[in-house]
Amino acid sequence: PVIQEILRRNPRAVISIDTTKKSVALAAVKAGARIINDISGLTREPLLARIAAEHGAKLIIMHRSGNSRVMQRRTKYIDLLDDILRFLAKSISTARRYGVPLQDIIVDPGIGFGKTAAQNLYLLKNLRALRCLGCAVLLGTSRKSVIGDTLRRPVDQREFGTAATSIAGLFGNVDYLRVHDVAANLDAVKMLHAIWQNKL
């Protein structure tokens, strides 16, 4: 009902539903949601991909190491970037097998999910590596602990740090930024574009 009411008031809104449960995803897309965001990367419920395919929804596939109860104890990797790329490539293959077109798949490196602060910073520095997967890339860093750990700021004082990570995302050639304070981050992005596009 919430999704239906949002779309009634603003038919142009694009609704993204965060879930790892196929029943929730199905109800949401039937109500008008156009993006399914699976933080498990299809490891919990691969049939989310079929729902996305059958309803023409975009599918966000995120990397994480284990579920929310254990992921911060699983921060050891053989090679951080390579392990994440292998995980996402496998998830992409699952999504394609269920009929999701490559252009409807968005990958997310999972900043803050099963990574230390140092590992998160390393990923922010190396976001371009994700382009080899052939999908759009989403970056979600807004107010996350890597910003708090780095700047020693509580959650309600992380907007400047978030804007800096958004700019890092642009340098990393990401396609989507997931943020809380849209206006502040949009200003940061517009300013960077203005600097890049200046021909003087």
# chains A, B, ... in the order shown; residues from 1 in each chain; ligands from 1
$ select_by_dssp --residues "segment 2-149 of chain A" --states "strand (DSSP E or B)" --output "list in words"
Ser16, Ile17, Asp18, Ile35, Ile36, Asn37, Asp38, Lys58, Leu59, Ile60, Ile61, Met62, Ile105, Ile106, Val107, Asp108, Ala136, Val137, Leu138, Leu139 and Gly140 of chain A
$ residues_around --residues "Arg12 of chain A" --least-positions-apart "5" --cutoff "12 Å" --atoms "only C-alpha atoms" --output "list of chain:residue names"
A:Ile6, A:Leu7, A:Gly32, A:Ala33, A:Arg34
$ write_last_selection --atoms "N, CA, C and O atoms" --output "compact mmCIF listing (two decimals), in the first residue's frame"
# COMPACT_ATOMS: atom_id res chain seq x y z
N ILE A 6 2.68 6.16 -2.88
CA ILE A 6 3.75 7.02 -3.40
C ILE A 6 3.57 7.24 -4.90
O ILE A 6 3.68 8.37 -5.40
N LEU A 7 3.28 6.16 -5.62
CA LEU A 7 3.12 6.28 -7.07
C LEU A 7 1.84 7.01 -7.45
O LEU A 7 1.78 7.65 -8.51
N GLY A 32 4.32 -1.84 -8.15
CA GLY A 32 4.90 -0.79 -8.99
C GLY A 32 6.37 -0.50 -8.77
O GLY A 32 6.93 0.38 -9.43
N ALA A 33 7.03 -1.19 -7.84
CA ALA A 33 8.47 -1.00 -7.67
C ALA A 33 9.20 -1.42 -8.94
O ALA A 33 8.81 -2.40 -9.59
N ARG A 34 10.27 -0.71 -9.28
CA ARG A 34 10.96 -0.98 -10.54
C ARG A 34 12.40 -1.45 -10.35
O ARG A 34 13.11 -1.74 -11.32
$ closest_residue --among "A:Gly66, A:Gly110, A:Gly134, A:Gly41" --to "Ser91 of chain A" --atoms "only C-alpha atoms"
A:Gly41
$ residues_around --residues "segment 15-17 of chain A" --least-positions-apart "2" --cutoff "9 Å" --atoms "only C-alpha atoms" --output "ChimeraX atom specification"
/A:3,6-7,13,19,24-25,28-29,32-38,58
$ write_last_selection --atoms "all heavy atoms" --output "compact mmCIF listing (two decimals), in the first residue's frame"
# COMPACT_ATOMS: atom_id res chain seq x y z
N ILE A 3 3.85 1.71 -1.40
CA ILE A 3 4.35 1.91 -2.76
C ILE A 3 3.26 2.46 -3.67
O ILE A 3 3.48 3.40 -4.44
CB ILE A 3 4.90 0.58 -3.32
CG1 ILE A 3 6.15 0.16 -2.54
CG2 ILE A 3 5.22 0.70 -4.82
CD1 ILE A 3 6.68 -1.22 -2.88
N ILE A 6 2.68 6.16 -2.88
CA ILE A 6 3.75 7.02 -3.40
C ILE A 6 3.57 7.24 -4.90
O ILE A 6 3.68 8.37 -5.40
CB ILE A 6 5.13 6.39 -3.12
CG1 ILE A 6 5.44 6.43 -1.62
CG2 ILE A 6 6.24 7.11 -3.90
CD1 ILE A 6 6.68 5.64 -1.24
N LEU A 7 3.28 6.16 -5.62
CA LEU A 7 3.12 6.28 -7.07
C LEU A 7 1.84 7.01 -7.45
O LEU A 7 1.78 7.65 -8.51
CB LEU A 7 3.16 4.88 -7.70
CG LEU A 7 4.51 4.18 -7.61
CD1 LEU A 7 4.41 2.75 -8.12
CD2 LEU A 7 5.58 4.95 -8.39
N ALA A 13 7.85 8.62 -9.90
CA ALA A 13 8.81 8.10 -8.93
C ALA A 13 9.29 6.71 -9.33
O ALA A 13 8.52 5.90 -9.85
CB ALA A 13 8.18 8.06 -7.54
N THR A 19 15.32 -6.06 -0.34
CA THR A 19 14.84 -7.30 0.26
C THR A 19 15.68 -8.48 -0.22
O THR A 19 16.28 -8.43 -1.30
CB THR A 19 13.36 -7.56 -0.07
OG1 THR A 19 12.89 -8.69 0.65
CG2 THR A 19 13.15 -7.79 -1.57
N VAL A 24 8.40 -10.69 -0.67
CA VAL A 24 8.41 -9.23 -0.54
C VAL A 24 8.69 -8.59 -1.90
O VAL A 24 8.03 -7.63 -2.31
CB VAL A 24 9.46 -8.78 0.49
CG1 VAL A 24 9.57 -7.26 0.53
CG2 VAL A 24 9.11 -9.32 1.87
N ALA A 25 9.67 -9.13 -2.61
CA ALA A 25 10.02 -8.59 -3.92
C ALA A 25 8.84 -8.69 -4.88
O ALA A 25 8.54 -7.73 -5.61
CB ALA A 25 11.22 -9.34 -4.49
N ALA A 28 6.18 -6.18 -4.04
CA ALA A 28 6.63 -4.82 -4.33
C ALA A 28 6.58 -4.51 -5.82
O ALA A 28 6.10 -3.44 -6.22
CB ALA A 28 8.04 -4.62 -3.79
N VAL A 29 7.06 -5.41 -6.67
CA VAL A 29 7.05 -5.13 -8.10
C VAL A 29 5.62 -5.14 -8.65
O VAL A 29 5.29 -4.37 -9.56
CB VAL A 29 7.96 -6.10 -8.90
CG1 VAL A 29 9.41 -5.90 -8.53
CG2 VAL A 29 7.54 -7.55 -8.72
N GLY A 32 4.32 -1.84 -8.15
CA GLY A 32 4.90 -0.79 -8.99
C GLY A 32 6.37 -0.50 -8.77
O GLY A 32 6.93 0.38 -9.43
N ALA A 33 7.03 -1.19 -7.84
CA ALA A 33 8.47 -1.00 -7.67
C ALA A 33 9.20 -1.42 -8.94
O ALA A 33 8.81 -2.40 -9.59
CB ALA A 33 8.98 -1.80 -6.48
N ARG A 34 10.27 -0.71 -9.28
CA ARG A 34 10.96 -0.98 -10.54
C ARG A 34 12.40 -1.45 -10.35
O ARG A 34 13.11 -1.74 -11.32
CB ARG A 34 10.93 0.26 -11.42
CG ARG A 34 9.51 0.56 -11.91
CD ARG A 34 9.36 1.94 -12.50
NE ARG A 34 10.29 2.20 -13.57
CZ ARG A 34 10.46 3.41 -14.12
NH1 ARG A 34 9.76 4.42 -13.70
NH2 ARG A 34 11.34 3.57 -15.09
N ILE A 35 12.84 -1.51 -9.09
CA ILE A 35 14.20 -1.98 -8.80
C ILE A 35 14.14 -2.91 -7.59
O ILE A 35 13.49 -2.59 -6.59
CB ILE A 35 15.16 -0.82 -8.49
CG1 ILE A 35 15.18 0.20 -9.63
CG2 ILE A 35 16.57 -1.34 -8.22
CD1 ILE A 35 15.94 1.48 -9.29
N ILE A 36 14.81 -4.06 -7.69
CA ILE A 36 14.97 -4.97 -6.55
C ILE A 36 16.44 -4.90 -6.12
O ILE A 36 17.33 -5.13 -6.93
CB ILE A 36 14.60 -6.41 -6.91
CG1 ILE A 36 13.14 -6.51 -7.34
CG2 ILE A 36 14.88 -7.35 -5.73
CD1 ILE A 36 12.76 -7.86 -7.92
N ASN A 37 16.67 -4.57 -4.86
CA ASN A 37 18.03 -4.46 -4.34
C ASN A 37 18.27 -5.62 -3.38
O ASN A 37 17.70 -5.67 -2.29
CB ASN A 37 18.21 -3.12 -3.63
CG ASN A 37 19.64 -2.91 -3.15
OD1 ASN A 37 20.55 -3.64 -3.56
ND2 ASN A 37 19.83 -1.95 -2.29
N ASP A 38 19.11 -6.56 -3.80
CA ASP A 38 19.37 -7.77 -3.00
C ASP A 38 20.75 -7.68 -2.38
O ASP A 38 21.76 -7.88 -3.05
CB ASP A 38 19.25 -9.00 -3.88
CG ASP A 38 19.56 -10.29 -3.12
OD1 ASP A 38 19.62 -10.25 -1.88
OD2 ASP A 38 19.75 -11.33 -3.77
N LYS A 58 14.85 -3.71 -12.67
CA LYS A 58 16.30 -3.75 -12.55
C LYS A 58 16.66 -4.50 -11.27
O LYS A 58 15.89 -4.52 -10.31
CB LYS A 58 16.88 -2.34 -12.53
CG LYS A 58 16.79 -1.64 -13.89
CD LYS A 58 17.56 -0.36 -13.90
CE LYS A 58 17.49 0.32 -15.26
NZ LYS A 58 18.15 -0.46 -16.31
$ residues_around --residues "segment 156-159 of chain A" --least-positions-apart "6" --cutoff "12 Å" --atoms "only C-alpha atoms" --output "list in words"
Thr141, Ser142, Arg143, Lys144, Ser145, Val146, Ile147, Gly148, Asp149, Thr150, Thr165, Ser166, Val179, His180, Asp181, Val182, Ala183, Ala184, Asn185 and Ala188 of chain A
$ residues_around --residues "Thr20 of chain A" --least-positions-apart "3" --cutoff "12 Å" --atoms "only C-alpha atoms" --output "JSON, numbers by chain"
{"A": [17, 23, 24, 25, 26, 36, 37, 38, 39, 40, 41, 42, 43, 44, 45, 46, 47, 48, 49, 51, 59, 60, 61, 62, 67, 68]}
$ select_by_dssp --residues "segment 73-130 of chain A" --states "alpha helix (DSSP H)" --output "PyMOL selection string"
chain A and resi 80-97+117-125
$ write_last_selection --atoms "N, CA, C and O atoms" --output "CSV table (one decimal), in the first residue's frame"
chain,number,residue,atom,x,y,z
A,80,LEU,N,41.2,-9.0,-2.0
A,80,LEU,CA,39.9,-8.3,-1.8
A,80,LEU,C,39.2,-8.1,-3.1
A,80,LEU,O,38.0,-8.5,-3.3
A,81,LEU,N,39.8,-7.4,-4.0
A,81,LEU,CA,39.1,-7.0,-5.3
A,81,LEU,C,38.8,-8.3,-6.1
A,81,LEU,O,37.7,-8.4,-6.6
A,82,ASP,N,39.7,-9.2,-6.2
A,82,ASP,CA,39.5,-10.4,-7.0
A,82,ASP,C,38.4,-11.2,-6.4
A,82,ASP,O,37.5,-11.7,-7.1
A,83,ASP,N,38.3,-11.3,-5.1
A,83,ASP,CA,37.3,-12.1,-4.4
A,83,ASP,C,35.9,-11.5,-4.7
A,83,ASP,O,34.9,-12.2,-4.9
A,84,ILE,N,35.8,-10.1,-4.6
A,84,ILE,CA,34.6,-9.4,-4.8
A,84,ILE,C,34.1,-9.6,-6.3
A,84,ILE,O,32.9,-9.9,-6.6
A,85,LEU,N,35.1,-9.5,-7.2
A,85,LEU,CA,34.7,-9.6,-8.6
A,85,LEU,C,34.2,-11.0,-8.9
A,85,LEU,O,33.3,-11.2,-9.7
A,86,ARG,N,34.9,-12.0,-8.3
A,86,ARG,CA,34.4,-13.4,-8.6
A,86,ARG,C,33.0,-13.6,-8.0
A,86,ARG,O,32.2,-14.3,-8.6
A,87,PHE,N,32.7,-13.1,-6.8
A,87,PHE,CA,31.4,-13.2,-6.2
A,87,PHE,C,30.4,-12.6,-7.1
A,87,PHE,O,29.3,-13.2,-7.4
A,88,LEU,N,30.6,-11.3,-7.5
A,88,LEU,CA,29.7,-10.6,-8.3
A,88,LEU,C,29.5,-11.3,-9.7
A,88,LEU,O,28.4,-11.3,-10.2
A,89,ALA,N,30.6,-11.8,-10.3
A,89,ALA,CA,30.5,-12.5,-11.6
A,89,ALA,C,29.6,-13.7,-11.5
A,89,ALA,O,28.8,-14.0,-12.4
A,90,LYS,N,29.7,-14.4,-10.4
A,90,LYS,CA,28.8,-15.6,-10.2
A,90,LYS,C,27.4,-15.2,-10.0
A,90,LYS,O,26.5,-15.8,-10.5
A,91,SER,N,27.2,-14.1,-9.3
A,91,SER,CA,25.8,-13.6,-9.1
A,91,SER,C,25.2,-13.1,-10.4
A,91,SER,O,24.0,-13.3,-10.7
A,92,ILE,N,26.0,-12.5,-11.2
A,92,ILE,CA,25.5,-12.0,-12.5
A,92,ILE,C,25.1,-13.2,-13.4
A,92,ILE,O,24.1,-13.2,-14.0
A,93,SER,N,26.0,-14.2,-13.3
A,93,SER,CA,25.7,-15.5,-14.1
A,93,SER,C,24.3,-16.1,-13.6
A,93,SER,O,23.5,-16.5,-14.5
A,94,THR,N,24.1,-16.1,-12.3
A,94,THR,CA,22.8,-16.6,-11.8
A,94,THR,C,21.6,-15.7,-12.4
A,94,THR,O,20.6,-16.2,-12.8
A,95,ALA,N,21.8,-14.4,-12.3
A,95,ALA,CA,20.7,-13.5,-12.8
A,95,ALA,C,20.5,-13.7,-14.2
A,95,ALA,O,19.3,-13.8,-14.7
A,96,ARG,N,21.5,-13.8,-15.0
A,96,ARG,CA,21.3,-14.0,-16.5
A,96,ARG,C,20.6,-15.4,-16.7
A,96,ARG,O,19.8,-15.5,-17.7
A,97,ARG,N,21.0,-16.4,-16.0
A,97,ARG,CA,20.3,-17.7,-16.1
A,97,ARG,C,18.8,-17.6,-15.9
A,97,ARG,O,18.1,-18.4,-16.5
A,117,ALA,N,37.5,-1.0,7.8
A,117,ALA,CA,37.6,0.4,7.3
A,117,ALA,C,38.6,0.6,6.2
A,117,ALA,O,38.4,1.2,5.2
A,118,ALA,N,39.8,-0.1,6.4
A,118,ALA,CA,40.9,0.0,5.4
A,118,ALA,C,40.5,-0.6,4.1
A,118,ALA,O,40.8,-0.1,3.0
A,119,GLN,N,39.8,-1.8,4.2
A,119,GLN,CA,39.3,-2.4,3.0
A,119,GLN,C,38.2,-1.6,2.2
A,119,GLN,O,38.3,-1.5,1.0
A,120,ASN,N,37.4,-0.9,3.0
A,120,ASN,CA,36.4,0.0,2.3
A,120,ASN,C,37.1,1.2,1.6
A,120,ASN,O,36.7,1.5,0.5
A,121,LEU,N,38.1,1.7,2.3
A,121,LEU,CA,38.8,2.8,1.6
A,121,LEU,C,39.6,2.3,0.4
A,121,LEU,O,39.6,3.0,-0.7
A,122,TYR,N,40.1,1.1,0.4
A,122,TYR,CA,40.8,0.5,-0.7
A,122,TYR,C,39.8,0.4,-1.9
A,122,TYR,O,40.1,0.7,-3.1
A,123,LEU,N,38.6,-0.1,-1.6
A,123,LEU,CA,37.6,-0.2,-2.6
A,123,LEU,C,37.2,1.1,-3.2
A,123,LEU,O,37.0,1.2,-4.4
A,124,LEU,N,37.1,2.1,-2.4
A,124,LEU,CA,36.7,3.4,-2.9
A,124,LEU,C,37.8,4.0,-3.8
A,124,LEU,O,37.5,4.7,-4.8
A,125,LYS,N,39.0,3.6,-3.6
A,125,LYS,CA,40.2,4.0,-4.5
A,125,LYS,C,40.2,3.2,-5.8
A,125,LYS,O,40.8,3.7,-6.7
$ atom_distance --atom1 "atom CA of Leu133 of chain A" --atom2 "atom CA of Asp108 of chain A"
11.2 Å
$ atom_distance --atom1 "atom CA of Asp79 of chain A" --atom2 "atom CA of Val107 of chain A"
18.5 Å
$ closest_residue --among "A:Leu151, A:Leu200, A:Val2, A:Val137" --to "Leu177 of chain A" --atoms "only C-alpha atoms"
A:Val137
$ atom_distance --atom1 "atom CA of Leu127 of chain A" --atom2 "atom CA of Lys190 of chain A"
19.9 Å
$ closest_residue --among "A:Gly140, A:Pro154, A:Gly161, A:Gly114" --to "Asp175 of chain A" --atoms "only C-alpha atoms"
A:Gly140
$ closest_residue --among "A:Ala27, A:Asp104, A:Leu192, A:Arg74" --to "Gly56 of chain A" --atoms "only C-alpha atoms"
A:Asp104
$ decode --residues "segment 31-71 of chain A" --atoms "N, CA and C atoms" --output "PDB file, in the first residue's frame"
ATOM      1  N   ALA A  31       3.180  -4.010  -7.034  1.00  0.00           N
ATOM      2  CA  ALA A  31       2.639  -2.718  -6.611  1.00  0.00           C
ATOM      3  C   ALA A  31       3.252  -1.558  -7.385  1.00  0.00           C
ATOM      4  N   GLY A  32       4.320  -1.838  -8.152  1.00  0.00           N
ATOM      5  CA  GLY A  32       4.896  -0.788  -8.989  1.00  0.00           C
ATOM      6  C   GLY A  32       6.368  -0.497  -8.767  1.00  0.00           C
ATOM      7  N   ALA A  33       7.031  -1.189  -7.837  1.00  0.00           N
ATOM      8  CA  ALA A  33       8.474  -0.998  -7.666  1.00  0.00           C
ATOM      9  C   ALA A  33       9.203  -1.423  -8.938  1.00  0.00           C
ATOM     10  N   ARG A  34      10.267  -0.711  -9.284  1.00  0.00           N
ATOM     11  CA  ARG A  34      10.963  -0.983 -10.542  1.00  0.00           C
ATOM     12  C   ARG A  34      12.403  -1.453 -10.354  1.00  0.00           C
ATOM     13  N   ILE A  35      12.844  -1.515  -9.089  1.00  0.00           N
ATOM     14  CA  ILE A  35      14.199  -1.985  -8.799  1.00  0.00           C
ATOM     15  C   ILE A  35      14.140  -2.910  -7.589  1.00  0.00           C
ATOM     16  N   ILE A  36      14.811  -4.062  -7.688  1.00  0.00           N
ATOM     17  CA  ILE A  36      14.973  -4.965  -6.549  1.00  0.00           C
ATOM     18  C   ILE A  36      16.437  -4.898  -6.125  1.00  0.00           C
ATOM     19  N   ASN A  37      16.671  -4.567  -4.862  1.00  0.00           N
ATOM     20  CA  ASN A  37      18.032  -4.464  -4.338  1.00  0.00           C
ATOM     21  C   ASN A  37      18.269  -5.622  -3.375  1.00  0.00           C
ATOM     22  N   ASP A  38      19.105  -6.558  -3.798  1.00  0.00           N
ATOM     23  CA  ASP A  38      19.367  -7.765  -3.002  1.00  0.00           C
ATOM     24  C   ASP A  38      20.749  -7.678  -2.377  1.00  0.00           C
ATOM     25  N   ILE A  39      20.812  -7.413  -1.068  1.00  0.00           N
ATOM     26  CA  ILE A  39      22.103  -7.264  -0.408  1.00  0.00           C
ATOM     27  C   ILE A  39      22.833  -8.588  -0.228  1.00  0.00           C
ATOM     28  N   SER A  40      22.148  -9.693  -0.511  1.00  0.00           N
ATOM     29  CA  SER A  40      22.818 -10.997  -0.411  1.00  0.00           C
ATOM     30  C   SER A  40      23.459 -11.410  -1.732  1.00  0.00           C
ATOM     31  N   GLY A  41      23.275 -10.621  -2.781  1.00  0.00           N
ATOM     32  CA  GLY A  41      23.853 -10.970  -4.077  1.00  0.00           C
ATOM     33  C   GLY A  41      23.316 -12.271  -4.641  1.00  0.00           C
ATOM     34  N   LEU A  42      22.034 -12.539  -4.410  1.00  0.00           N
ATOM     35  CA  LEU A  42      21.334 -13.745  -4.878  1.00  0.00           C
ATOM     36  C   LEU A  42      21.807 -15.025  -4.179  1.00  0.00           C
ATOM     37  N   THR A  43      22.530 -14.900  -3.081  1.00  0.00           N
ATOM     38  CA  THR A  43      22.980 -16.103  -2.373  1.00  0.00           C
ATOM     39  C   THR A  43      21.897 -16.649  -1.449  1.00  0.00           C
ATOM     40  N   ARG A  44      20.990 -15.798  -1.016  1.00  0.00           N
ATOM     41  CA  ARG A  44      19.924 -16.261  -0.125  1.00  0.00           C
ATOM     42  C   ARG A  44      18.729 -16.776  -0.911  1.00  0.00           C
ATOM     43  N   GLU A  45      18.320 -16.036  -1.938  1.00  0.00           N
ATOM     44  CA  GLU A  45      17.136 -16.416  -2.700  1.00  0.00           C
ATOM     45  C   GLU A  45      17.344 -16.094  -4.176  1.00  0.00           C
ATOM     46  N   PRO A  46      17.957 -17.029  -4.925  1.00  0.00           N
ATOM     47  CA  PRO A  46      18.232 -16.780  -6.348  1.00  0.00           C
ATOM     48  C   PRO A  46      16.984 -16.455  -7.168  1.00  0.00           C
ATOM     49  N   LEU A  47      15.810 -16.919  -6.730  1.00  0.00           N
ATOM     50  CA  LEU A  47      14.588 -16.680  -7.495  1.00  0.00           C
ATOM     51  C   LEU A  47      14.181 -15.212  -7.541  1.00  0.00           C
ATOM     52  N   LEU A  48      14.842 -14.366  -6.754  1.00  0.00           N
ATOM     53  CA  LEU A  48      14.625 -12.926  -6.910  1.00  0.00           C
ATOM     54  C   LEU A  48      14.923 -12.497  -8.341  1.00  0.00           C
ATOM     55  N   ALA A  49      15.909 -13.159  -8.951  1.00  0.00           N
ATOM     56  CA  ALA A  49      16.279 -12.829 -10.327  1.00  0.00           C
ATOM     57  C   ALA A  49      15.133 -13.133 -11.287  1.00  0.00           C
ATOM     58  N   ARG A  50      14.455 -14.240 -11.079  1.00  0.00           N
ATOM     59  CA  ARG A  50      13.327 -14.578 -11.948  1.00  0.00           C
ATOM     60  C   ARG A  50      12.220 -13.533 -11.821  1.00  0.00           C
ATOM     61  N   ILE A  51      11.959 -13.076 -10.601  1.00  0.00           N
ATOM     62  CA  ILE A  51      10.939 -12.046 -10.389  1.00  0.00           C
ATOM     63  C   ILE A  51      11.323 -10.776 -11.121  1.00  0.00           C
ATOM     64  N   ALA A  52      12.593 -10.383 -11.016  1.00  0.00           N
ATOM     65  CA  ALA A  52      13.062  -9.199 -11.734  1.00  0.00           C
ATOM     66  C   ALA A  52      12.877  -9.358 -13.234  1.00  0.00           C
ATOM     67  N   ALA A  53      13.250 -10.521 -13.757  1.00  0.00           N
ATOM     68  CA  ALA A  53      13.148 -10.775 -15.199  1.00  0.00           C
ATOM     69  C   ALA A  53      11.704 -10.746 -15.667  1.00  0.00           C
ATOM     70  N   GLU A  54      10.818 -11.399 -14.926  1.00  0.00           N
ATOM     71  CA  GLU A  54       9.421 -11.504 -15.362  1.00  0.00           C
ATOM     72  C   GLU A  54       8.680 -10.174 -15.286  1.00  0.00           C
ATOM     73  N   HIS A  55       9.145  -9.278 -14.434  1.00  0.00           N
ATOM     74  CA  HIS A  55       8.459  -7.993 -14.259  1.00  0.00           C
ATOM     75  C   HIS A  55       9.245  -6.818 -14.831  1.00  0.00           C
ATOM     76  N   GLY A  56      10.343  -7.103 -15.502  1.00  0.00           N
ATOM     77  CA  GLY A  56      11.123  -6.040 -16.137  1.00  0.00           C
ATOM     78  C   GLY A  56      11.766  -5.086 -15.148  1.00  0.00           C
ATOM     79  N   ALA A  57      12.067  -5.572 -13.949  1.00  0.00           N
ATOM     80  CA  ALA A  57      12.682  -4.722 -12.929  1.00  0.00           C
ATOM     81  C   ALA A  57      14.196  -4.802 -13.019  1.00  0.00           C
ATOM     82  N   LYS A  58      14.855  -3.714 -12.673  1.00  0.00           N
ATOM     83  CA  LYS A  58      16.300  -3.751 -12.550  1.00  0.00           C
ATOM     84  C   LYS A  58      16.659  -4.503 -11.272  1.00  0.00           C
ATOM     85  N   LEU A  59      17.842  -5.116 -11.271  1.00  0.00           N
ATOM     86  CA  LEU A  59      18.270  -5.931 -10.142  1.00  0.00           C
ATOM     87  C   LEU A  59      19.634  -5.461  -9.659  1.00  0.00           C
ATOM     88  N   ILE A  60      19.680  -5.012  -8.404  1.00  0.00           N
ATOM     89  CA  ILE A  60      20.952  -4.627  -7.794  1.00  0.00           C
ATOM     90  C   ILE A  60      21.493  -5.828  -7.030  1.00  0.00           C
ATOM     91  N   ILE A  61      22.724  -6.189  -7.354  1.00  0.00           N
ATOM     92  CA  ILE A  61      23.393  -7.330  -6.723  1.00  0.00           C
ATOM     93  C   ILE A  61      24.563  -6.791  -5.910  1.00  0.00           C
ATOM     94  N   MET A  62      24.511  -7.002  -4.601  1.00  0.00           N
ATOM     95  CA  MET A  62      25.556  -6.479  -3.729  1.00  0.00           C
ATOM     96  C   MET A  62      26.451  -7.592  -3.189  1.00  0.00           C
ATOM     97  N   HIS A  63      27.717  -7.255  -2.988  1.00  0.00           N
ATOM     98  CA  HIS A  63      28.633  -8.199  -2.358  1.00  0.00           C
ATOM     99  C   HIS A  63      28.584  -8.037  -0.843  1.00  0.00           C
ATOM    100  N   ARG A  64      28.523  -9.144  -0.152  1.00  0.00           N
ATOM    101  CA  ARG A  64      28.765  -9.148   1.289  1.00  0.00           C
ATOM    102  C   ARG A  64      29.345 -10.503   1.658  1.00  0.00           C
ATOM    103  N   SER A  65      30.015 -10.537   2.777  1.00  0.00           N
ATOM    104  CA  SER A  65      30.649 -11.771   3.234  1.00  0.00           C
ATOM    105  C   SER A  65      29.839 -12.343   4.386  1.00  0.00           C
ATOM    106  N   GLY A  66      28.970 -13.306   4.092  1.00  0.00           N
ATOM    107  CA  GLY A  66      28.100 -13.863   5.118  1.00  0.00           C
ATOM    108  C   GLY A  66      26.906 -12.971   5.384  1.00  0.00           C
ATOM    109  N   ASN A  67      26.036 -13.398   6.294  1.00  0.00           N
ATOM    110  CA  ASN A  67      24.852 -12.606   6.602  1.00  0.00           C
ATOM    111  C   ASN A  67      25.190 -11.506   7.616  1.00  0.00           C
ATOM    112  N   SER A  68      24.185 -10.713   7.977  1.00  0.00           N
ATOM    113  CA  SER A  68      24.428  -9.544   8.821  1.00  0.00           C
ATOM    114  C   SER A  68      24.953  -9.903  10.202  1.00  0.00           C
ATOM    115  N   ARG A  69      24.697 -11.115  10.658  1.00  0.00           N
ATOM    116  CA  ARG A  69      25.150 -11.516  11.996  1.00  0.00           C
ATOM    117  C   ARG A  69      26.644 -11.839  12.027  1.00  0.00           C
ATOM    118  N   VAL A  70      27.185 -12.288  10.925  1.00  0.00           N
ATOM    119  CA  VAL A  70      28.576 -12.768  10.934  1.00  0.00           C
ATOM    120  C   VAL A  70      29.503 -11.989  10.009  1.00  0.00           C
ATOM    121  N   MET A  71      28.962 -11.115   9.164  1.00  0.00           N
ATOM    122  CA  MET A  71      29.783 -10.553   8.091  1.00  0.00           C
ATOM    123  C   MET A  71      30.978  -9.751   8.612  1.00  0.00           C
TER     124      MET A  71
END
